[in-house]
>>> print(open('structure-v7.cif').read())   # mmCIF, C-alpha atoms and all ligand atoms
data_my_file
loop_
_atom_site.group_PDB
_atom_site.id
_atom_site.type_symbol
_atom_site.label_atom_id
_atom_site.label_comp_id
_atom_site.auth_asym_id
_atom_site.auth_seq_id
_atom_site.Cartn_x
_atom_site.Cartn_y
_atom_site.Cartn_z
ATOM 1 C CA MET A 7 -16.271 28.120 -8.310
ATOM 2 C CA ALA A 8 -12.652 29.014 -9.011
ATOM 3 C CA SER A 9 -10.498 30.214 -6.159
ATOM 4 C CA LYS A 10 -7.283 32.146 -6.197
ATOM 5 C CA PHE A 11 -5.387 29.015 -5.227
ATOM 6 C CA PHE A 12 -4.381 25.916 -7.131
ATOM 7 C CA ALA A 13 -2.614 22.739 -6.061
ATOM 8 C CA GLU A 14 0.957 21.916 -7.001
ATOM 9 C CA VAL A 15 2.695 18.575 -6.405
ATOM 10 C CA ASN A 16 6.335 18.241 -5.385
ATOM 11 C CA ARG A 17 7.182 15.510 -7.897
ATOM 12 C CA LYS A 18 10.370 14.491 -6.114
ATOM 13 C CA ARG A 19 8.438 13.627 -2.962
ATOM 14 C CA CYS A 20 5.277 12.124 -4.489
ATOM 15 C CA VAL A 21 4.968 8.369 -3.912
ATOM 16 C CA SER A 22 2.273 7.962 -6.613
ATOM 17 C CA CYS A 23 -0.170 6.287 -4.228
ATOM 18 C CA GLY A 24 -3.165 8.020 -5.796
ATOM 19 C CA ALA A 25 -4.809 8.943 -2.478
ATOM 20 C CA CYS A 26 -5.228 12.521 -3.726
ATOM 21 C CA THR A 27 -6.976 11.440 -6.937
ATOM 22 C CA ARG A 28 -9.712 9.747 -4.931
ATOM 23 C CA GLU A 29 -10.489 12.899 -2.963
ATOM 24 C CA CYS A 30 -10.458 15.554 -5.669
ATOM 25 C CA PRO A 31 -14.008 16.795 -6.320
ATOM 26 C CA ARG A 32 -13.054 17.969 -9.823
ATOM 27 C CA GLY A 33 -10.972 15.119 -11.154
ATOM 28 C CA ALA A 34 -8.193 17.675 -11.494
ATOM 29 C CA ILE A 35 -5.348 15.521 -10.224
ATOM 30 C CA ARG A 36 -4.082 12.241 -11.685
ATOM 31 C CA VAL A 37 -1.070 9.975 -11.341
ATOM 32 C CA TRP A 38 1.163 10.216 -14.397
ATOM 33 C CA LYS A 39 2.582 6.872 -15.526
ATOM 34 C CA GLY A 40 2.858 5.581 -11.977
ATOM 35 C CA ARG A 41 5.532 8.171 -11.162
ATOM 36 C CA TYR A 42 3.916 11.236 -9.623
ATOM 37 C CA SER A 43 0.699 13.197 -9.544
ATOM 38 C CA ILE A 44 0.008 16.134 -11.819
ATOM 39 C CA VAL A 45 -2.674 18.784 -11.423
ATOM 40 C CA ASP A 46 -4.672 20.382 -14.212
ATOM 41 C CA PRO A 47 -4.685 24.008 -13.010
ATOM 42 C CA LEU A 48 -7.665 24.790 -15.228
ATOM 43 C CA LEU A 49 -9.829 22.226 -13.428
ATOM 44 C CA CYS A 50 -8.415 22.740 -9.927
ATOM 45 C CA ILE A 51 -10.512 24.927 -7.631
ATOM 46 C CA GLY A 52 -7.896 25.067 -4.878
ATOM 47 C CA CYS A 53 -10.091 23.320 -2.302
ATOM 48 C CA GLY A 54 -7.068 21.638 -0.663
ATOM 49 C CA LYS A 55 -8.675 18.203 -0.254
ATOM 50 C CA CYS A 56 -5.737 16.562 -2.017
ATOM 51 C CA LYS A 57 -3.289 18.361 0.251
ATOM 52 C CA GLN A 58 -5.104 17.219 3.393
ATOM 53 C CA THR A 59 -5.088 13.598 2.317
ATOM 54 C CA CYS A 60 -1.559 13.257 0.881
ATOM 55 C CA PRO A 61 0.419 10.836 3.081
ATOM 56 C CA ALA A 62 3.728 12.194 1.804
ATOM 57 C CA ASP A 63 2.601 15.773 2.475
ATOM 58 C CA CYS A 64 3.919 16.842 -0.918
ATOM 59 C CA ILE A 65 1.105 19.095 -2.180
ATOM 60 C CA GLU A 66 1.140 22.867 -1.772
ATOM 61 C CA LEU A 67 -1.587 25.380 -2.540
ATOM 62 C CA LYS A 68 -0.165 28.178 -4.643
ATOM 63 C CA LEU A 69 -1.602 31.582 -5.354
ATOM 64 C CA ARG A 70 -2.642 32.012 -8.973
ATOM 65 C CA GLU A 71 -0.987 34.779 -10.908
ATOM 66 C CA GLY A 72 -3.081 37.888 -10.476
ATOM 67 C CA GLY A 73 -5.096 36.132 -7.767
ATOM 68 C CA ALA A 74 -3.846 38.158 -4.830
ATOM 69 C CA MET B 8 -18.468 16.134 -9.329
ATOM 70 C CA THR B 9 -18.371 12.998 -7.212
ATOM 71 C CA ARG B 10 -16.916 9.970 -8.920
ATOM 72 C CA LYS B 11 -19.391 7.146 -9.483
ATOM 73 C CA LYS B 12 -18.609 4.120 -7.311
ATOM 74 C CA ARG B 13 -17.107 1.218 -9.204
ATOM 75 C CA TRP B 14 -16.794 -2.412 -8.184
ATOM 76 C CA TYR B 15 -13.182 -1.877 -7.203
ATOM 77 C CA ASP B 16 -14.128 0.789 -4.678
ATOM 78 C CA TYR B 17 -15.260 -1.996 -2.377
ATOM 79 C CA LEU B 18 -11.986 -3.919 -2.350
ATOM 80 C CA TRP B 19 -11.277 -2.771 1.232
ATOM 81 C CA ILE B 20 -13.314 -5.867 2.104
ATOM 82 C CA TRP B 21 -10.510 -8.036 0.710
ATOM 83 C CA PRO B 22 -7.916 -7.626 3.520
ATOM 84 C CA ILE B 23 -10.621 -8.232 6.145
ATOM 85 C CA LEU B 24 -11.704 -11.389 4.340
ATOM 86 C CA TYR B 25 -8.090 -12.459 3.888
ATOM 87 C CA PHE B 26 -7.216 -12.242 7.583
ATOM 88 C CA ALA B 27 -10.499 -13.893 8.578
ATOM 89 C CA LEU B 28 -9.897 -16.824 6.226
ATOM 90 C CA GLY B 29 -6.311 -17.207 7.441
ATOM 91 C CA PHE B 30 -7.494 -17.149 11.033
ATOM 92 C CA PHE B 31 -9.470 -20.328 10.436
ATOM 93 C CA ASN B 32 -7.291 -21.962 7.824
ATOM 94 C CA ILE B 33 -3.738 -20.767 7.382
ATOM 95 C CA LEU B 34 -3.475 -22.194 3.876
ATOM 96 C CA PHE B 35 -5.571 -19.250 2.625
ATOM 97 C CA ALA B 36 -2.455 -17.142 3.298
ATOM 98 C CA TRP B 37 -1.264 -18.119 -0.176
ATOM 99 C CA LEU B 38 -3.994 -15.881 -1.633
ATOM 100 C CA GLY B 39 -1.874 -12.958 -0.423
ATOM 101 C CA MET B 40 0.483 -13.683 -3.293
ATOM 102 C CA ILE B 41 -2.092 -11.885 -5.468
ATOM 103 C CA ASP B 42 -1.242 -8.656 -3.610
ATOM 104 C CA PHE B 43 2.406 -9.371 -4.214
ATOM 105 C CA LEU B 44 2.362 -10.377 -7.874
ATOM 106 C CA LEU B 45 -0.519 -8.374 -9.376
ATOM 107 C CA PRO B 46 0.969 -4.893 -8.654
ATOM 108 C CA LEU B 47 4.308 -6.016 -10.109
ATOM 109 C CA PHE B 48 2.606 -7.499 -13.157
ATOM 110 C CA ILE B 49 0.577 -4.313 -13.780
ATOM 111 C CA ALA B 50 3.651 -2.102 -13.334
ATOM 112 C CA ILE B 51 5.842 -4.223 -15.614
ATOM 113 C CA ILE B 52 3.247 -4.710 -18.368
ATOM 114 C CA GLY B 53 1.220 -1.507 -18.085
ATOM 115 C CA GLY B 54 3.859 0.870 -16.731
ATOM 116 C CA ASN B 55 1.421 2.305 -14.197
ATOM 117 C CA LYS B 56 0.276 1.991 -10.586
ATOM 118 C CA PHE B 57 -3.312 1.042 -11.334
ATOM 119 C CA PHE B 58 -3.062 -1.451 -8.483
ATOM 120 C CA CYS B 59 -2.194 1.214 -5.871
ATOM 121 C CA ASN B 60 -4.427 3.824 -7.438
ATOM 122 C CA ARG B 61 -7.554 1.675 -7.775
ATOM 123 C CA LEU B 62 -7.278 -1.966 -6.754
ATOM 124 C CA CYS B 63 -5.406 -2.157 -3.466
ATOM 125 C CA GLY B 64 -7.755 -3.226 -0.704
ATOM 126 C CA ARG B 65 -5.280 -2.415 2.016
ATOM 127 C CA GLY B 66 -4.811 1.176 0.882
ATOM 128 C CA GLN B 67 -8.596 1.525 0.709
ATOM 129 C CA LEU B 68 -9.054 0.031 4.171
ATOM 130 C CA PHE B 69 -6.720 2.660 5.654
ATOM 131 C CA ALA B 70 -8.847 5.348 3.998
ATOM 132 C CA VAL B 71 -12.235 3.820 4.859
ATOM 133 C CA LEU B 72 -11.617 3.076 8.569
ATOM 134 C CA PRO B 73 -10.841 6.648 9.680
ATOM 135 C CA ARG B 74 -13.852 7.884 7.714
ATOM 136 C CA ALA B 75 -16.133 5.465 9.542
ATOM 137 C CA LEU B 76 -14.521 5.413 12.976
ATOM 138 C CA LYS B 77 -12.691 8.752 13.194
ATOM 139 C CA CYS B 78 -9.607 6.865 14.281
ATOM 140 C CA SER B 79 -6.873 8.946 12.661
ATOM 141 C CA ARG B 80 -5.205 12.062 13.994
ATOM 142 C CA GLN B 81 -4.971 13.294 10.378
ATOM 143 C CA LYS B 82 -1.553 14.844 11.071
ATOM 144 C CA PRO B 83 1.259 14.937 8.513
ATOM 145 C CA ALA B 84 3.830 12.212 9.170
ATOM 146 C CA PRO B 85 7.526 13.064 9.669
ATOM 147 C CA ALA B 86 9.088 13.744 6.261
ATOM 148 C CA TRP B 87 11.749 11.033 6.625
ATOM 149 C CA LEU B 88 9.023 8.370 6.545
ATOM 150 C CA SER B 89 8.341 9.128 2.879
ATOM 151 C CA SER B 90 11.941 9.911 1.948
ATOM 152 C CA ARG B 91 13.590 7.866 -0.784
ATOM 153 C CA ARG B 92 16.284 6.699 1.591
ATOM 154 C CA PHE B 93 13.867 5.270 4.148
ATOM 155 C CA ARG B 94 11.580 3.774 1.502
ATOM 156 C CA TYR B 95 14.442 1.930 -0.206
ATOM 157 C CA ALA B 96 15.821 0.719 3.118
ATOM 158 C CA PHE B 97 12.386 -0.544 4.159
ATOM 159 C CA LEU B 98 11.920 -2.224 0.780
ATOM 160 C CA LEU B 99 15.254 -3.977 1.174
ATOM 161 C CA PHE B 100 14.349 -5.075 4.691
ATOM 162 C CA PHE B 101 11.004 -6.390 3.486
ATOM 163 C CA LEU B 102 12.501 -8.317 0.603
ATOM 164 C CA THR B 103 15.063 -9.821 2.979
ATOM 165 C CA MET B 104 12.276 -10.923 5.304
ATOM 166 C CA PHE B 105 10.404 -12.412 2.362
ATOM 167 C CA GLY B 106 13.605 -14.180 1.307
ATOM 168 C CA ASN B 107 13.842 -15.606 4.813
ATOM 169 C CA ILE B 108 10.308 -17.029 4.543
ATOM 170 C CA VAL B 109 11.278 -18.723 1.286
ATOM 171 C CA HIS B 110 14.481 -20.027 2.926
ATOM 172 C CA GLN B 111 12.579 -21.474 5.911
ATOM 173 C CA THR B 112 10.119 -23.062 3.478
ATOM 174 C CA CYS B 113 13.030 -24.694 1.616
ATOM 175 C CA LEU B 114 14.457 -26.016 4.890
ATOM 176 C CA VAL B 115 11.124 -27.628 5.759
ATOM 177 C CA TYR B 116 10.856 -29.010 2.227
ATOM 178 C CA GLY B 117 14.323 -30.549 2.550
ATOM 179 C CA GLY B 118 13.539 -31.986 5.987
ATOM 180 C CA ALA B 119 16.195 -29.869 7.752
ATOM 181 C CA LYS B 120 13.573 -28.129 9.893
ATOM 182 C CA SER B 121 10.162 -29.052 11.197
ATOM 183 C CA LEU B 122 6.997 -27.045 10.578
ATOM 184 C CA SER B 123 6.370 -24.277 13.119
ATOM 185 C CA GLU B 124 2.701 -23.533 13.571
ATOM 186 C CA VAL B 125 3.156 -19.972 14.805
ATOM 187 C CA VAL B 126 2.479 -16.509 13.471
ATOM 188 C CA LYS B 127 5.401 -14.189 14.114
ATOM 189 C CA LEU B 128 4.351 -10.582 14.696
ATOM 190 C CA PHE B 129 6.771 -7.712 14.055
ATOM 191 C CA TRP B 130 9.395 -10.360 13.263
ATOM 192 C CA THR B 131 9.717 -10.947 17.028
ATOM 193 C CA PHE B 132 6.609 -12.129 18.876
ATOM 194 C CA ARG B 133 5.645 -15.744 18.274
ATOM 195 C CA VAL B 134 1.885 -16.230 18.549
ATOM 196 C CA PRO B 135 0.613 -19.838 18.606
ATOM 197 C CA TRP B 136 -1.755 -20.335 15.655
ATOM 198 C CA ASP B 137 -2.071 -24.131 15.572
ATOM 199 C CA TRP B 138 -5.908 -24.186 15.389
ATOM 200 C CA ALA B 139 -5.640 -22.889 11.840
ATOM 201 C CA TYR B 140 -3.886 -25.991 10.544
ATOM 202 C CA THR B 141 -4.465 -29.716 10.819
ATOM 203 C CA ALA B 142 -1.127 -31.525 10.685
ATOM 204 C CA GLY B 143 -0.811 -33.604 7.572
ATOM 205 C CA ALA B 144 -3.557 -31.729 5.688
ATOM 206 C CA THR B 145 -0.969 -30.886 3.066
ATOM 207 C CA SER B 146 2.812 -30.940 2.628
ATOM 208 C CA ASP B 147 4.575 -29.273 5.543
ATOM 209 C CA TRP B 148 6.437 -26.799 3.334
ATOM 210 C CA ILE B 149 3.136 -25.450 1.949
ATOM 211 C CA ALA B 150 1.952 -24.826 5.511
ATOM 212 C CA GLU B 151 5.324 -23.348 6.538
ATOM 213 C CA PHE B 152 5.104 -20.745 3.776
ATOM 214 C CA SER B 153 1.500 -20.013 4.778
ATOM 215 C CA PHE B 154 2.447 -19.219 8.386
ATOM 216 C CA GLY B 155 5.389 -17.082 7.280
ATOM 217 C CA PHE B 156 3.504 -15.142 4.644
ATOM 218 C CA TYR B 157 0.473 -14.596 6.869
ATOM 219 C CA SER B 158 2.843 -13.211 9.529
ATOM 220 C CA LEU B 159 4.305 -10.768 7.011
ATOM 221 C CA MET B 160 0.867 -9.642 5.828
ATOM 222 C CA LEU B 161 -0.470 -9.249 9.365
ATOM 223 C CA THR B 162 2.609 -7.398 10.607
ATOM 224 C CA SER B 163 2.602 -4.943 7.720
ATOM 225 C CA THR B 164 -1.123 -4.317 8.159
ATOM 226 C CA LEU B 165 -0.634 -3.667 11.879
ATOM 227 C CA ILE B 166 2.159 -1.182 11.122
ATOM 228 C CA GLY B 167 -0.185 0.418 8.586
ATOM 229 C CA LEU B 168 -2.969 0.687 11.172
ATOM 230 C CA ILE B 169 -0.611 2.263 13.724
ATOM 231 C CA VAL B 170 0.598 4.965 11.314
ATOM 232 C CA MET B 171 -2.979 5.414 10.084
ATOM 233 C CA ALA B 172 -4.010 6.281 13.648
ATOM 234 C CA LEU B 173 -0.971 8.456 14.368
ATOM 235 C CA TYR B 174 -0.754 10.390 11.112
ATOM 236 C CA ARG B 175 -2.794 10.634 7.918
ATOM 237 C CA PRO B 176 -4.974 7.638 6.998
ATOM 238 C CA ARG B 177 -2.833 6.334 4.137
ATOM 239 C CA THR B 178 0.576 7.005 5.695
ATOM 240 C CA TRP B 179 1.522 3.342 5.187
ATOM 241 C CA CYS B 180 1.346 3.979 1.426
ATOM 242 C CA SER B 181 4.157 6.519 1.677
ATOM 243 C CA PHE B 182 6.644 3.764 2.556
ATOM 244 C CA CYS B 183 4.838 0.567 1.494
ATOM 245 C CA PRO B 184 7.375 -1.748 -0.168
ATOM 246 C CA MET B 185 4.964 -2.701 -2.960
ATOM 247 C CA GLY B 186 4.176 0.939 -3.688
ATOM 248 C CA CYS B 187 7.882 1.741 -3.686
ATOM 249 C CA MET B 188 8.812 -1.166 -5.916
ATOM 250 C CA THR B 189 6.064 -0.452 -8.469
ATOM 251 C CA GLN B 190 6.948 3.259 -8.574
ATOM 252 C CA LEU B 191 10.561 2.295 -9.286
ATOM 253 C CA ILE B 192 9.485 0.012 -12.130
ATOM 254 C CA CYS B 193 7.296 2.772 -13.599
ATOM 255 C CA GLU B 194 10.171 5.244 -13.375
ATOM 256 C CA ILE B 195 12.467 2.896 -15.236
ATOM 257 C CA LYS B 196 9.810 2.167 -17.867
ATOM 258 C CA SER B 197 9.140 5.818 -18.671
ATOM 259 C CA ARG B 198 12.703 7.072 -18.271
ATOM 260 C CA GLY B 199 13.318 10.374 -20.050
ATOM 261 C CA GLU B 200 9.609 11.036 -20.688
ATOM 262 C CA GLN B 201 7.809 14.127 -19.461
ATOM 263 C CA PRO B 202 4.065 14.747 -19.052
ATOM 264 C CA ASP B 203 2.551 16.986 -21.783
HETATM 265 S S1 LIG C 301 -7.014 21.497 -4.606
HETATM 266 FE FE1 LIG C 301 -9.022 20.483 -4.738
HETATM 267 S S2 LIG C 301 -9.603 20.705 -6.885
HETATM 268 FE FE2 LIG C 301 -7.419 21.141 -6.791
HETATM 269 S S3 LIG C 301 -6.471 19.183 -7.256
HETATM 270 FE FE3 LIG C 301 -6.616 19.340 -5.027
HETATM 271 S S4 LIG C 301 -8.534 18.304 -4.514
HETATM 272 FE FE4 LIG C 301 -8.579 18.747 -6.729
HETATM 273 S S1 LIG C 302 -1.499 11.651 -2.362
HETATM 274 FE FE1 LIG C 302 0.488 12.719 -2.414
HETATM 275 S S2 LIG C 302 1.975 11.079 -2.619
HETATM 276 FE FE2 LIG C 302 0.003 10.173 -3.142
HETATM 277 S S3 LIG C 302 -0.124 10.425 -5.379
HETATM 278 FE FE3 LIG C 302 -1.113 12.208 -4.489
HETATM 279 S S4 LIG C 302 0.511 13.767 -4.399
HETATM 280 FE FE4 LIG C 302 1.518 11.790 -4.683
HETATM 281 S S1 LIG C 303 1.262 1.744 -1.508
HETATM 282 FE FE1 LIG C 303 0.959 -0.384 -0.765
HETATM 283 S S2 LIG C 303 -0.821 -0.316 0.590
HETATM 284 FE FE2 LIG C 303 -0.771 1.615 -0.535
HETATM 285 S S3 LIG C 303 -2.110 1.272 -2.277
HETATM 286 FE FE3 LIG C 303 -0.037 0.712 -2.969
HETATM 287 S S4 LIG C 303 0.245 -1.473 -2.565
HETATM 288 FE FE4 LIG C 303 -1.571 -0.757 -1.448
#
>>> encode(input="structure-v7.cif", output="structure tokens", more="lines below")
Ligand code: SF4
Ligand code: SF4
Ligand code: SF4
Amino acid sequence: MASKFFAEVNRKRCVSCGACTRECPRGAIRVWKGRYSIVDPLLCIGCGKCKQTCPADCIELKLREGGA
Amino acid sequence: MTRKKRWYDYLWIWPILYFALGFFNILFAWLGMIDFLLPLFIAIIGGNKFFCNRLCGRGQLFAVLPRALKCSRQKPAPAWLSSRRFRYAFLLFFLTMFGNIVHQTCLVYGGAKSLSEVVKLFWTFRVPWDWAYTAGATSDWIAEFSFGFYSLMLTSTLIGLIVMALYRPRTWCSFCPMGCMTQLICEIKSRGEQPD
């Protein structure tokens, strides 16, 4: 169930705690080398669970190209 | 797709067990050194935050409690709390406080100070804790470190619980000194690299 949104992490603000990775229903977000989280936009369904849980509030939901 | 539960998903029990053990016998406080050394070891050897991401019982506890008790406002915390500047300052403060515990332990070891059987909360409030230690059970310096380290662990957990209630469940993780220190190590280890 794809949506027109996908999650994007502000890498400068991410504290690499991994809270988001535990909530994602699709396994679409992972912590890269202990530095910051990255999202696989192909797996992400834009549900926003990661955004709601992020303690550093550094995840945004973006509109996919052509998804308007 | 819900992730299958693994053994390490139950590690939130660990901090509860830790504080319970230390309540009855302060010498168990030394076990907290695992939470201090293991994340550093994993970050230095493995170059990742597997400890934070999977193994940390404290981080899990802050996530589990609000789920069970609905005790978090679930509001975003002020941005400065997770800013680099604040995180580094808090890390420095924490390391200084840890250094002070080691210093006090050395003083007791050298006989320049006597053992104080108190737990100090928020680096200010002295709470008598003498039931948790029988004088002479071990060397005084071992007990001194136990009281100091238990105080540090309890204080940081209390701060974590307060911000858990006020903001999002794992807000403590956004400025946790261990999380900050291990992220720094990982950044240094993978300098110049970019994800594919
Ligand atoms: S928006 Fe949903 S699917 Fe996408 S990364 Fe976040 S939790 Fe996973
Ligand atoms: S929850 Fe937020 S701060 Fe933590 S790893 Fe995910 S994006 Fe980074
Ligand atoms: S940031 Fe601190 S409390 Fe949070 S998971 Fe890492 S070590 Fe544990």
>>> residues_around(input="structure-v7.cif", residues="B:Met40", least_positions_apart="5", cutoff="12 Å", atoms="all atoms listed in the file", output="number ranges by chain")
B: 25, 34-35, 45-48, 105, 152-153, 156-157, 159-160, 185
>>> atom_distance(input="structure-v7.cif", atom1="atom CA of A:Ala25", atom2="atom CA of B:Arg10")
13.8 Å
>>> atom_distance(input="structure-v7.cif", atom1="atom CA of A:Glu66", atom2="atom CA of A:Glu14")
5.3 Å
>>> interface_residues(input="structure-v7.cif", of="chain B", to="chain A", cutoff="6 Å", atoms="only C-alpha atoms", output="ChimeraX atom specification")
/B:8-9,55-56,59-60,89,175,177-178,181,190,193-194
>>> residues_around(input="structure-v7.cif", residues="B:Val125", least_positions_apart="4", cutoff="8 Å", atoms="only C-alpha atoms", output="list in words")
Arg133, Val134, Pro135, Trp136, Asp137 and Phe154 of chain B
>>> closest_residue(input="structure-v7.cif", among="B:Pro83, B:Glu124, B:Lys12, B:Cys187", to="B:Leu99", atoms="all atoms listed in the file")
B:Cys187
>>> residues_near_ligand(input="structure-v7.cif", ligand="ligand LIG 301 (chain C)", cutoff="6 Å", atoms="all atoms listed in the file", output="list in words")
Phe12, Ala13, Glu29, Cys30, Pro31, Arg32, Ala34, Ile35, Val45, Cys50, Ile51, Gly52, Cys53, Gly54, Lys55 and Cys56 of chain A
>>> atom_distance(input="structure-v7.cif", atom1="atom CA of B:Ile51", atom2="atom FE3 of ligand LIG 303 (chain C)")
14.8 Å
>>> axis_aligned_box(input="structure-v7.cif", around="ligand LIG 302 (chain C)", padding_each_side="8 Å", output="JSON")
{"center_x": 0.2, "center_y": 12.0, "center_z": -3.9, "size_x": 19.5, "size_y": 19.6, "size_z": 19.0}
>>> resolve_selection(input="structure-v7.cif", expression="the PyMOL selection byres (((chain B and resi 162) around 12) and not hetatm)", output="list in words")
Phe26, Phe101, Met104, Val126, Lys127, Leu128, Phe129, Trp130, Thr131, Phe132, Arg133, Val134, Gly155, Phe156, Tyr157, Ser158, Leu159, Met160, Leu161, Ser163, Thr164, Leu165, Ile166, Gly167, Leu168 and Ile169 of chain B
>>> closest_residue(input="structure-v7.cif", among="A:Arg17, A:Ser9, A:Leu67, A:Gly72", to="A:Leu49", atoms="only C-alpha atoms")
A:Ser9
>>> closest_atom_pairs(input="structure-v7.cif", of="chain B", to="ligand LIG 303 (chain C)", cutoff="6 Å", atoms="all atoms listed in the file", output="JSON lines")
{"residue": "B:Cys59", "atom": "CA", "partner": "C:LIG303", "partner_atom": "S3", "distance": 3.6}
{"residue": "B:Cys63", "atom": "CA", "partner": "C:LIG303", "partner_atom": "FE4", "distance": 4.6}
{"residue": "B:Arg65", "atom": "CA", "partner": "C:LIG303", "partner_atom": "S2", "distance": 5.1}
{"residue": "B:Gly66", "atom": "CA", "partner": "C:LIG303", "partner_atom": "S3", "distance": 4.2}
{"residue": "B:Cys180", "atom": "CA", "partner": "C:LIG303", "partner_atom": "S1", "distance": 3.7}
{"residue": "B:Cys183", "atom": "CA", "partner": "C:LIG303", "partner_atom": "FE1", "distance": 4.6}
{"residue": "B:Met185", "atom": "CA", "partner": "C:LIG303", "partner_atom": "S4", "distance": 4.9}
{"residue": "B:Gly186", "atom": "CA", "partner": "C:LIG303", "partner_atom": "S1", "distance": 3.7}
>>> residues_around(input="structure-v7.cif", residues="B:Gly117", least_positions_apart="6", cutoff="12 Å", atoms="only C-alpha atoms", output="NGL selection string")
:B and (110-111 or 146-148)
>>> closest_residue(input="structure-v7.cif", among="B:Ala139, B:Leu114, B:Ala86, B:Ile52", to="ligand LIG 302 (chain C)", atoms="only C-alpha atoms and all ligand atoms")
B:Ala86
